[in-house]
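Printed here is start_23.txt (compact mmCIF, C-alpha atoms):
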```txt
# COMPACT_ATOMS: atom_id res chain seq x y z
CA MET A 1 0.00 0.00 0.00
CA GLN A 2 3.11 2.24 0.22
CA ASN A 3 2.98 4.93 -2.45
CA GLU A 4 5.36 4.64 -5.44
CA THR A 5 6.77 8.17 -5.19
CA ILE A 6 7.54 7.68 -1.52
CA GLU A 7 9.04 4.28 -2.27
CA ARG A 8 11.37 5.88 -4.81
CA LEU A 9 12.62 8.40 -2.24
CA ILE A 10 13.11 5.63 0.33
CA GLU A 11 15.14 3.71 -2.25
CA GLN A 12 17.41 6.73 -2.71
CA PHE A 13 18.02 7.10 1.00
CA ARG A 14 18.81 3.40 1.16
CA THR A 15 21.76 3.94 -1.20
CA LEU A 16 23.50 5.88 1.60
CA PRO A 17 26.09 3.88 3.56
CA GLY A 18 24.64 2.00 6.53
CA VAL A 19 21.04 3.11 5.98
CA GLY A 20 18.43 0.34 6.24
CA TYR A 21 14.78 0.41 5.21
CA LYS A 22 13.41 1.73 8.52
CA SER A 23 15.81 4.67 8.66
CA ALA A 24 15.31 5.45 4.98
CA GLN A 25 11.56 5.51 5.59
CA ARG A 26 11.95 7.91 8.52
CA TYR A 27 14.14 10.19 6.40
CA ALA A 28 11.66 10.14 3.51
CA TYR A 29 8.74 10.92 5.81
CA SER A 30 10.67 13.79 7.35
CA ILE A 31 11.14 15.28 3.86
CA ILE A 32 7.44 14.94 3.07
CA GLU A 33 6.37 16.34 6.42
CA GLY A 34 8.83 19.24 6.14
CA ASN A 35 8.16 22.34 4.11
CA LYS A 36 8.85 22.86 0.43
CA ALA A 37 11.84 25.18 0.89
CA ARG A 38 13.61 22.55 2.96
CA ALA A 39 13.13 19.90 0.26
CA GLU A 40 14.45 22.31 -2.37
CA ASN A 41 17.48 23.28 -0.29
CA PHE A 42 18.22 19.64 0.30
CA ALA A 43 18.01 18.75 -3.39
CA ASN A 44 20.14 21.75 -4.33
CA ALA A 45 22.82 20.92 -1.79
CA ILE A 46 23.12 17.44 -3.31
CA ILE A 47 23.40 18.73 -6.88
CA GLU A 48 25.82 21.49 -5.90
CA ALA A 49 28.10 19.25 -3.91
CA LYS A 50 28.25 16.77 -6.77
CA ASN A 51 28.85 19.47 -9.39
CA ARG A 52 31.32 21.62 -7.53
CA ILE A 53 33.35 19.15 -5.55
CA ALA A 54 35.97 17.03 -7.22
CA PHE A 55 39.23 15.43 -6.18
CA CYS A 56 42.44 17.38 -5.66
CA LYS A 57 44.80 16.54 -8.53
CA ILE A 58 47.63 16.02 -6.09
CA CYS A 59 46.39 14.46 -2.87
CA GLY A 60 42.99 13.11 -3.92
CA ASN A 61 41.08 14.89 -1.16
CA PHE A 62 37.77 16.62 -1.92
CA THR A 63 38.06 20.20 -3.10
CA ASP A 64 36.25 22.73 -5.27
CA ARG A 65 39.49 23.82 -6.93
CA GLU A 66 41.99 21.93 -9.05
CA ILE A 67 44.51 21.77 -6.22
CA CYS A 68 43.25 21.81 -2.63
CA PRO A 69 44.25 24.54 -0.14
CA ILE A 70 46.29 22.04 1.89
CA CYS A 71 48.46 21.00 -1.06
CA GLU A 72 48.80 24.64 -2.08
CA LYS A 73 49.98 26.13 1.19
CA ARG A 74 51.66 23.46 3.27
CA ASN A 75 54.95 21.60 3.49
CA ARG A 76 55.04 19.05 0.69
CA LYS A 77 58.11 17.33 2.10
CA ILE A 78 55.93 15.46 4.58
CA ILE A 79 53.07 13.31 3.30
CA CYS A 80 50.50 11.69 5.55
CA VAL A 81 48.94 8.67 3.78
CA VAL A 82 45.29 7.95 4.63
CA LYS A 83 42.63 5.57 3.40
CA GLU A 84 39.74 7.95 2.76
CA PRO A 85 38.95 11.68 2.48
CA LYS A 86 37.20 11.62 5.85
CA ASP A 87 40.49 10.60 7.47
CA VAL A 88 41.97 13.91 6.34
CA ILE A 89 39.33 15.70 8.43
CA SER A 90 40.24 13.54 11.43
CA MET A 91 43.97 14.17 11.07
CA GLU A 92 43.38 17.90 10.62
CA LYS A 93 42.16 18.01 14.21
CA VAL A 94 45.84 17.73 15.13
CA LYS A 95 46.49 21.41 14.79
CA ASP A 96 50.28 21.33 14.55
CA TYR A 97 50.59 19.03 11.55
CA ASN A 98 51.87 21.16 8.69
CA GLY A 99 52.48 18.53 6.02
CA VAL A 100 50.22 17.40 3.18
CA TYR A 101 48.12 14.29 2.57
CA HIS A 102 47.73 11.44 0.15
CA VAL A 103 44.36 9.70 -0.05
CA LEU A 104 44.63 6.06 -1.16
CA PHE A 105 40.88 5.56 -1.68
CA GLY A 106 40.91 2.15 -0.08
CA THR A 107 43.34 -0.37 1.32
CA ILE A 108 44.81 -3.57 -0.08
CA SER A 109 42.11 -6.12 0.66
CA PRO A 110 42.13 -9.63 -0.80
CA LEU A 111 38.60 -10.13 0.52
CA GLU A 112 37.28 -7.23 -1.53
CA ASN A 113 39.52 -8.22 -4.41
CA LYS A 114 41.53 -5.01 -4.07
CA GLY A 115 45.21 -5.17 -4.95
CA PRO A 116 47.98 -2.52 -4.87
CA ASP A 117 47.01 -1.32 -8.34
CA ASP A 118 43.47 -0.54 -7.27
CA ILE A 119 44.47 2.16 -4.79
CA ARG A 120 46.53 5.30 -5.39
CA ILE A 121 50.00 3.88 -4.67
CA ARG A 122 51.54 4.71 -8.05
CA GLU A 123 50.56 8.36 -7.59
CA LEU A 124 52.21 8.33 -4.16
CA LEU A 125 55.48 7.06 -5.63
CA GLU A 126 55.44 9.80 -8.25
CA ARG A 127 54.86 12.50 -5.65
CA ILE A 128 57.69 11.22 -3.47
CA LYS A 129 60.13 11.39 -6.38
CA GLU A 130 58.95 14.72 -7.72
CA ASP A 131 58.76 16.63 -4.46
CA ASN A 132 61.85 15.11 -2.80
CA VAL A 133 59.68 14.04 0.08
CA GLU A 134 61.48 13.56 3.40
CA GLU A 135 58.92 11.66 5.42
CA VAL A 136 55.87 9.52 4.67
CA ILE A 137 53.56 9.00 7.65
CA MET A 138 51.40 5.90 7.22
CA ALA A 139 48.05 6.77 8.80
CA THR A 140 45.90 3.95 7.46
CA ASN A 141 43.58 2.42 10.05
CA PRO A 142 45.12 0.25 12.79
CA ASP A 143 43.37 -2.89 11.52
CA VAL A 144 44.53 -5.91 9.52
CA GLU A 145 44.09 -4.29 6.12
CA GLY A 146 45.42 -0.90 7.20
CA ASP A 147 48.50 -2.53 8.71
CA ALA A 148 49.10 -4.72 5.66
CA THR A 149 48.76 -1.74 3.32
CA ALA A 150 51.16 0.34 5.43
CA MET A 151 53.66 -2.52 5.45
CA TYR A 152 53.37 -3.03 1.70
CA ILE A 153 53.96 0.64 0.96
CA ALA A 154 56.84 0.86 3.46
CA ARG A 155 58.61 -1.99 1.69
CA LEU A 156 57.96 -0.41 -1.68
CA LEU A 157 59.53 2.85 -0.50
CA LYS A 158 62.72 1.30 0.87
CA PRO A 159 64.81 1.86 -2.26
CA LEU A 160 63.77 5.53 -2.31
CA GLU A 161 65.44 6.18 1.02
CA VAL A 162 62.57 8.24 2.35
CA LYS A 163 61.77 8.06 6.06
CA VAL A 164 58.57 6.03 6.56
CA THR A 165 56.74 6.22 9.89
CA ARG A 166 53.52 4.76 11.24
CA LEU A 167 51.07 6.32 13.72
CA ALA A 168 51.76 4.93 17.19
CA GLN A 169 49.36 2.24 18.32
CA GLY A 170 48.31 1.64 21.90
CA VAL A 171 45.58 2.34 24.41
CA ALA A 172 43.53 5.41 23.63
CA MET A 173 43.74 8.52 25.82
CA GLY A 174 40.94 8.67 28.37
CA SER A 175 39.92 5.08 27.70
CA ASP A 176 39.70 2.33 30.31
CA LEU A 177 42.04 -0.67 30.26
CA GLU A 178 39.08 -2.84 31.25
CA TYR A 179 37.50 -2.23 27.85
CA ALA A 180 40.63 -2.36 25.70
CA ASP A 181 40.79 -5.46 23.50
CA GLU A 182 43.75 -7.80 23.86
CA VAL A 183 45.31 -6.95 20.50
CA THR A 184 45.42 -3.26 21.44
CA LEU A 185 46.83 -4.11 24.87
CA SER A 186 49.50 -6.41 23.50
CA ARG A 187 50.49 -3.74 20.98
CA ALA A 188 50.62 -1.13 23.74
CA LEU A 189 52.85 -3.40 25.81
CA GLU A 190 55.14 -4.16 22.88
CA GLU A 191 55.59 -0.51 22.01
CA ARG A 192 55.93 0.65 25.62
CA ARG A 193 57.98 3.80 26.19
CA LEU A 194 60.62 4.52 28.80
CA MET A 195 59.32 7.17 31.20
CA LYS A 196 61.68 10.04 31.69
CA MET B 1 39.54 23.03 6.43
CA GLN B 2 36.26 21.30 5.49
CA ASN B 3 34.90 22.76 2.26
CA GLU B 4 31.86 25.06 2.44
CA THR B 5 29.83 23.25 -0.23
CA ILE B 6 30.39 19.92 1.50
CA GLU B 7 29.54 21.50 4.84
CA ARG B 8 26.23 22.72 3.41
CA LEU B 9 25.31 19.19 2.26
CA ILE B 10 26.30 17.77 5.64
CA GLU B 11 24.04 20.36 7.29
CA GLN B 12 21.12 19.17 5.13
CA PHE B 13 21.65 15.55 6.07
CA ARG B 14 21.79 16.59 9.70
CA THR B 15 18.20 17.86 9.47
CA LEU B 16 17.05 14.24 9.07
CA PRO B 17 15.73 12.60 12.24
CA GLY B 18 18.42 10.93 14.33
CA VAL B 19 21.32 11.83 12.05
CA GLY B 20 24.43 13.18 13.81
CA TYR B 21 27.45 14.89 12.30
CA LYS B 22 29.46 11.72 11.62
CA SER B 23 26.64 10.00 9.76
CA ALA B 24 25.78 13.16 7.84
CA GLN B 25 29.40 13.40 6.76
CA ARG B 26 29.44 9.80 5.57
CA TYR B 27 26.25 10.39 3.59
CA ALA B 28 27.63 13.58 2.02
CA TYR B 29 30.87 11.86 1.05
CA SER B 30 28.96 9.00 -0.50
CA ILE B 31 27.09 11.50 -2.68
CA ILE B 32 30.33 13.17 -3.78
CA GLU B 33 32.04 9.85 -4.42
CA GLY B 34 29.05 8.51 -6.35
CA ASN B 35 28.34 9.38 -9.96
CA LYS B 36 26.41 12.36 -11.25
CA ALA B 37 23.29 10.46 -12.28
CA ARG B 38 22.91 9.14 -8.74
CA ALA B 39 23.08 12.64 -7.28
CA GLU B 40 20.50 13.85 -9.79
CA ASN B 41 18.15 10.95 -9.12
CA PHE B 42 18.46 11.58 -5.43
CA ALA B 43 17.69 15.29 -5.75
CA ASN B 44 14.75 14.58 -8.06
CA ALA B 45 13.27 11.98 -5.74
CA ILE B 46 13.28 14.55 -2.93
CA ILE B 47 11.61 17.25 -5.02
CA GLU B 48 9.07 14.81 -6.49
CA ALA B 49 8.09 13.32 -3.17
CA LYS B 50 7.60 16.78 -1.70
CA ASN B 51 5.63 18.04 -4.70
CA ARG B 52 3.46 15.01 -5.34
CA ILE B 53 2.76 13.66 -1.90
CA ALA B 54 0.25 15.33 0.36
CA PHE B 55 -2.06 14.25 3.13
CA CYS B 56 -5.28 12.32 2.52
CA LYS B 57 -8.20 14.69 3.20
CA ILE B 58 -9.90 12.01 5.27
CA CYS B 59 -7.37 9.96 7.21
CA GLY B 60 -4.29 12.19 7.06
CA ASN B 61 -2.04 9.48 5.63
CA PHE B 62 0.39 10.29 2.80
CA THR B 63 -1.04 9.99 -0.69
CA ASP B 64 -0.64 11.45 -4.16
CA ARG B 65 -4.40 11.79 -4.61
CA GLU B 66 -6.97 13.82 -2.71
CA ILE B 67 -8.32 10.75 -0.96
CA CYS B 68 -6.02 7.77 -0.37
CA PRO B 69 -6.74 4.30 -1.80
CA ILE B 70 -7.41 2.92 1.67
CA CYS B 71 -10.12 5.46 2.46
CA GLU B 72 -11.57 4.98 -1.00
CA LYS B 73 -11.94 1.21 -1.04
CA ARG B 74 -12.23 -0.07 2.48
CA ASN B 75 -14.77 -0.36 5.27
CA ARG B 76 -15.19 3.08 6.81
CA LYS B 77 -17.18 1.75 9.75
CA ILE B 78 -13.97 0.68 11.47
CA ILE B 79 -11.28 3.28 12.14
CA CYS B 80 -7.83 2.44 13.43
CA VAL B 81 -6.31 5.49 15.16
CA VAL B 82 -2.51 5.82 14.90
CA LYS B 83 0.05 8.42 15.85
CA GLU B 84 1.97 8.80 12.58
CA PRO B 85 1.79 7.85 8.89
CA LYS B 86 4.52 5.24 9.35
CA ASP B 87 2.24 3.39 11.77
CA VAL B 88 -0.21 2.86 8.93
CA ILE B 89 2.49 0.93 7.07
CA SER B 90 3.10 -1.19 10.17
CA MET B 91 -0.59 -1.96 10.68
CA GLU B 92 -1.01 -2.79 7.00
CA LYS B 93 1.27 -5.79 7.52
CA VAL B 94 -1.76 -7.36 9.24
CA LYS B 95 -3.28 -8.55 5.99
CA ASP B 96 -6.82 -9.16 7.20
CA TYR B 97 -7.59 -5.68 8.52
CA ASN B 98 -10.15 -4.18 6.19
CA GLY B 99 -11.00 -0.95 8.02
CA VAL B 100 -9.61 2.54 7.49
CA TYR B 101 -7.18 4.71 9.46
CA HIS B 102 -6.98 8.03 11.23
CA VAL B 103 -3.56 9.62 11.68
CA LEU B 104 -3.36 11.88 14.73
CA PHE B 105 0.04 13.40 13.85
CA GLY B 106 1.25 13.19 17.41
CA THR B 107 0.03 12.30 20.85
CA ILE B 108 -1.05 14.39 23.81
CA SER B 109 2.23 15.28 25.47
CA PRO B 110 2.49 17.88 28.24
CA LEU B 111 6.29 17.69 27.95
CA GLU B 112 6.20 18.78 24.31
CA ASN B 113 3.41 21.23 25.09
CA LYS B 114 0.98 19.28 22.91
CA GLY B 115 -2.66 19.28 23.99
CA PRO B 116 -5.76 17.59 22.50
CA ASP B 117 -6.27 20.51 20.10
CA ASP B 118 -2.82 20.07 18.59
CA ILE B 119 -3.53 16.62 17.18
CA ARG B 120 -6.30 15.54 14.82
CA ILE B 121 -8.93 14.61 17.41
CA ARG B 122 -11.64 16.99 16.18
CA GLU B 123 -11.39 15.49 12.70
CA LEU B 124 -11.79 12.02 14.22
CA LEU B 125 -15.01 13.06 16.00
CA GLU B 126 -16.42 14.44 12.77
CA ARG B 127 -15.64 11.24 10.87
CA ILE B 128 -17.25 9.08 13.56
CA LYS B 129 -20.46 11.08 13.35
CA GLU B 130 -20.55 11.36 9.57
CA ASP B 131 -19.75 7.75 8.71
CA ASN B 132 -21.74 6.12 11.53
CA VAL B 133 -18.56 4.39 12.65
CA GLU B 134 -19.04 1.16 14.60
CA GLU B 135 -15.60 0.62 16.07
CA VAL B 136 -12.58 2.77 16.85
CA ILE B 137 -9.38 0.81 17.44
CA MET B 138 -6.85 2.81 19.44
CA ALA B 139 -3.43 1.85 18.03
CA THR B 140 -1.29 4.58 19.51
CA ASN B 141 2.05 3.34 20.90
CA PRO B 142 2.00 1.31 24.14
CA ASP B 143 3.87 4.02 26.05
CA VAL B 144 2.82 6.66 28.57
CA GLU B 145 1.77 9.23 25.99
CA GLY B 146 0.16 6.71 23.66
CA ASP B 147 -1.83 5.23 26.55
CA ALA B 148 -2.89 8.66 27.84
CA THR B 149 -4.00 9.75 24.37
CA ALA B 150 -5.97 6.54 23.86
CA MET B 151 -7.62 6.98 27.24
CA TYR B 152 -8.48 10.62 26.54
CA ILE B 153 -10.07 9.81 23.19
CA ALA B 154 -11.95 6.81 24.62
CA ARG B 155 -13.51 9.04 27.27
CA LEU B 156 -14.36 11.65 24.66
CA LEU B 157 -16.13 9.04 22.55
CA LYS B 158 -18.27 7.64 25.38
CA PRO B 159 -21.35 9.78 24.63
CA LEU B 160 -21.23 8.72 20.95
CA GLU B 161 -21.84 5.08 21.86
CA VAL B 162 -19.22 3.79 19.47
CA LYS B 163 -17.23 0.70 20.44
CA VAL B 164 -13.68 1.73 21.40
CA THR B 165 -10.95 -0.92 21.60
CA ARG B 166 -7.23 -0.88 22.27
CA LEU B 167 -4.50 -3.11 20.80
CA ALA B 168 -3.70 -5.88 23.30
CA GLN B 169 -0.52 -5.36 25.29
CA GLY B 170 1.77 -8.11 26.50
CA VAL B 171 4.94 -9.99 25.71
CA ALA B 172 5.89 -9.93 22.05
CA MET B 173 5.72 -13.09 19.94
CA GLY B 174 9.10 -14.77 19.61
CA SER B 175 10.62 -12.65 22.36
CA ASP B 176 12.29 -13.96 25.48
CA LEU B 177 10.79 -13.39 28.95
CA GLU B 178 14.31 -12.79 30.24
CA TYR B 179 14.52 -9.59 28.23
CA ALA B 180 10.98 -8.33 28.73
CA ASP B 181 10.82 -5.24 30.96
CA GLU B 182 8.74 -5.39 34.11
CA VAL B 183 6.02 -3.03 32.90
CA THR B 184 5.39 -5.25 29.88
CA LEU B 185 5.40 -8.37 32.06
CA SER B 186 3.03 -6.90 34.61
CA ARG B 187 0.68 -5.83 31.81
CA ALA B 188 0.89 -9.29 30.25
CA LEU B 189 0.02 -10.85 33.61
CA GLU B 190 -2.85 -8.44 34.21
CA GLU B 191 -4.38 -9.10 30.80
CA ARG B 192 -3.78 -12.85 30.85
CA ARG B 193 -6.18 -14.98 28.84
CA LEU B 194 -7.93 -18.19 29.75
CA MET B 195 -6.52 -21.02 27.63
CA LYS B 196 -9.16 -23.05 25.86
```
Since I need it in another form, could you write the structure as C-alpha cells?
Amino acid sequence: MQNETIERLIEQFRTLPGVGYKSAQRYAYSIIEGNKARAENFANAIIEAKNRIAFCKICGNFTDREICPICEKRNRKIICVVKEPKDVISMEKVKDYNGVYHVLFGTISPLENKGPDDIRIRELLERIKEDNVEEVIMATNPDVEGDATAMYIARLLKPLEVKVTRLAQGVAMGSDLEYADEVTLSRALEERRLMK
Amino acid sequence: MQNETIERLIEQFRTLPGVGYKSAQRYAYSIIEGNKARAENFANAIIEAKNRIAFCKICGNFTDREICPICEKRNRKIICVVKEPKDVISMEKVKDYNGVYHVLFGTISPLENKGPDDIRIRELLERIKEDNVEEVIMATNPDVEGDATAMYIARLLKPLEVKVTRLAQGVAMGSDLEYADEVTLSRALEERRLMK
C-alpha cells in the first residue's frame, strides 16, 4: 500500500552507507512532512556538492578547486597517507601538523579483491620522487588491512630512502584498560615507552 | 579546512531525524564519491516526493491523490487510530484488517506542550459522526503518551456510543521473557487470557 513516489525516495536514502529500510523511511517521511523550501534546499545541496566538488589533482582529497588549499599552502616534504577523504578531516584536528596528505581511496584487501594497483599507490610514488619528500607517515587504520597496506607501501619505499613512519598504536587517551581489546593491549605493551 | 559546499550538504543531512554529524558526513561523502546520475536521481526523488505527496483529506495518511486508496476502497465503519503515517504501514502488515485509518500526527504530550487541540482529534469526532462508525481501534504506541492519548479519546467518545478498543498489550511473539521489561510483564500478567 506504500505509495510509489515515496518508495522511490526511500530507495534513494537506502543507497546511503549504513542506511536500512526503517531509517530510509523515517528520512523520507521527514522530507514529506517538512516544508517545500527545505526539500528544495536539500536537493540543491546534493546537486551542488556533486557538481562543484571534485578530487584534488595532487592528494585526492575533496576540493572545489583543481589543487586543494592544503596542497597549495603546506609543506610538501611530509606526506600523511590515509585511506579515505574523511580521514583527512580527522587528522586535521591535530592542529600542529603542517604537512600534506595522500588519499589512497581504499586499502589492499584480498577479501574485496583489491590489490595494490586498485588504490593510489603509483601516484604516491610519483609525488615522493617529484617533491623530494622527506617523510611519509602511514596513517591507514590500525586494523589488519590498514597494517598490511602500510607494510606493503613501506617496503615499496625502501629503495627511495625516504623516512617512513607509522602512527603509534596503543591504548587510547581517556579510555579504560578494562575495555581495551587484547590486541590493542598487547600492541601497547610491545611498544611501551621509557618514562623520563 | 572542510569545504563550504560539503559543509552545506552535511548540514542538510543533519536535518534528518536521528542523524548526527558523523553519519551526515558519511552520507555527504557517498554523494560526492558517487556518480552524477545518482546525485541527480536523489535530488529529483526529494523534489518529487515533496511536490506530489500530500495528506489524505480524510485519514491524514500520505497519498498522491486527494483521498487515499485505503479510504476509497475499504470499510469506513472501522477506524484504526494511529500516531503517525509510518504506523499505517506497520498496521497494513496485518493482511486481514479491512477498516480505514486516522492519523493523529502526534500524541497528547504535556512535555512537548501538545494538547488535545494540537492533534487531529476533532477530525476524528467528525468522521465518527458522519460515517456512523461502529468501532474505533486505538493503536497509539503502548507508552505513557500513547496510553494517555488513547484513554483521553476513549472518554471523549463515550457519549457517541461507538465501540472503542485498544490493541492488546503483553509480551511480544518470539521474544524472550528474560529480556521483557517489568512493565510489559506486569501488563501481560494483568491481561492474561484463559486457555481453551
Would you list the contacts of Val171 of chain A as a tab-separated table (two decimals) with C-alpha atoms, keeping the file's coordinate frame, taking every protein, DNA or RNA residue within 8 Å and counting only C-alpha atoms, but skipping same-chain residues closer than 2 positions in sequence?
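And here's selection-v2.tsv as it stands now:
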```
chain	number	residue	atom	x	y	z
A	169	GLN	CA	49.36	2.24	18.32
A	173	MET	CA	43.74	8.52	25.82
A	175	SER	CA	39.92	5.08	27.70
A	177	LEU	CA	42.04	-0.67	30.26
A	180	ALA	CA	40.63	-2.36	25.70
A	184	THR	CA	45.42	-3.26	21.44
A	185	LEU	CA	46.83	-4.11	24.87
A	188	ALA	CA	50.62	-1.13	23.74
```
Margin query: Can you tell me which residues surround segment 6-22 of chain B at a distance of at most 10 Å, considering all atoms listed in the file, apart from same-chain residues fewer than 2 positions away, and format the answer as a PyMOL selection string?
Written below: (chain A and resi 23-24+26-31+38-39+41-50+52-53+62-64+86) or (chain B and resi 2-4+24-29+31-32)
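Atom CA of Met138 of chain A sits 22.9 Å away from atom CA of Glu33 of chain B.
Atom CA of Leu160 of chain B lies 26.8 Å from atom CA of Asp96 of chain B.
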From atom CA of Val88 of chain A to atom CA of Glu40 of chain B the spacing works out at 26.9 Å
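The two identical-sequence chains, chain B and chain A, differ by a C-alpha RMSD of 0.1 Å after optimal least-squares superposition.
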Put a box with edges along x, y and z around all the listed atoms of segment 18-27 of chain B, pad it by 8 Å on each side, then give me its centre and sizes in Å, one decimal, as lines of an AutoDock Vina configuration file.
```
center_x = 23.9
center_y = 12.3
center_z = 9.0
size_x = 27.0
size_y = 21.1
size_z = 26.7
```
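Of the listed residues (B:Cys80, B:Cys68, B:Leu111, B:Val164), B:Cys68 comes nearest to chain A; the distances count only C-alpha atoms.
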Could you name the residues that touch segment 150-155 of chain B at 10 Å or less, counting all atoms listed in the file, but leaving out those on the same chain fewer than 6 positions away, as a PDB file with C-alpha atoms, keeping the file's coordinate frame?
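Saved result, selection15.pdb, follows:
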```
ATOM      1  CA  VAL B  81      -6.310   5.490  15.160  1.00  0.00           C
ATOM      2  CA  VAL B  82      -2.510   5.820  14.900  1.00  0.00           C
ATOM      3  CA  THR B 107       0.030  12.300  20.850  1.00  0.00           C
ATOM      4  CA  ILE B 108      -1.050  14.390  23.810  1.00  0.00           C
ATOM      5  CA  PRO B 116      -5.760  17.590  22.500  1.00  0.00           C
ATOM      6  CA  ILE B 121      -8.930  14.610  17.410  1.00  0.00           C
ATOM      7  CA  LEU B 124     -11.790  12.020  14.220  1.00  0.00           C
ATOM      8  CA  LEU B 125     -15.010  13.060  16.000  1.00  0.00           C
ATOM      9  CA  VAL B 136     -12.580   2.770  16.850  1.00  0.00           C
ATOM     10  CA  ILE B 137      -9.380   0.810  17.440  1.00  0.00           C
ATOM     11  CA  MET B 138      -6.850   2.810  19.440  1.00  0.00           C
ATOM     12  CA  ALA B 139      -3.430   1.850  18.030  1.00  0.00           C
ATOM     13  CA  THR B 140      -1.290   4.580  19.510  1.00  0.00           C
ATOM     14  CA  ASN B 141       2.050   3.340  20.900  1.00  0.00           C
ATOM     15  CA  PRO B 142       2.000   1.310  24.140  1.00  0.00           C
ATOM     16  CA  VAL B 144       2.820   6.660  28.570  1.00  0.00           C
ATOM     17  CA  VAL B 162     -19.220   3.790  19.470  1.00  0.00           C
ATOM     18  CA  LYS B 163     -17.230   0.700  20.440  1.00  0.00           C
ATOM     19  CA  VAL B 164     -13.680   1.730  21.400  1.00  0.00           C
ATOM     20  CA  THR B 165     -10.950  -0.920  21.600  1.00  0.00           C
ATOM     21  CA  ARG B 166      -7.230  -0.880  22.270  1.00  0.00           C
TER      22      ARG B 166
END
```
List as a VMD selection string the residues having at least one atom at most 10 Å from position (-5.9, 14.9, 8.6) as given in the file, counting all atoms listed in the file. chain B and resid 55 to 62 102 to 105 119 to 124
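Proximity to chain A was assessed for B:Glu135, B:Glu66, B:Glu178, B:Glu84 counting all atoms listed in the file; the smallest distance is recorded for B:Glu84.
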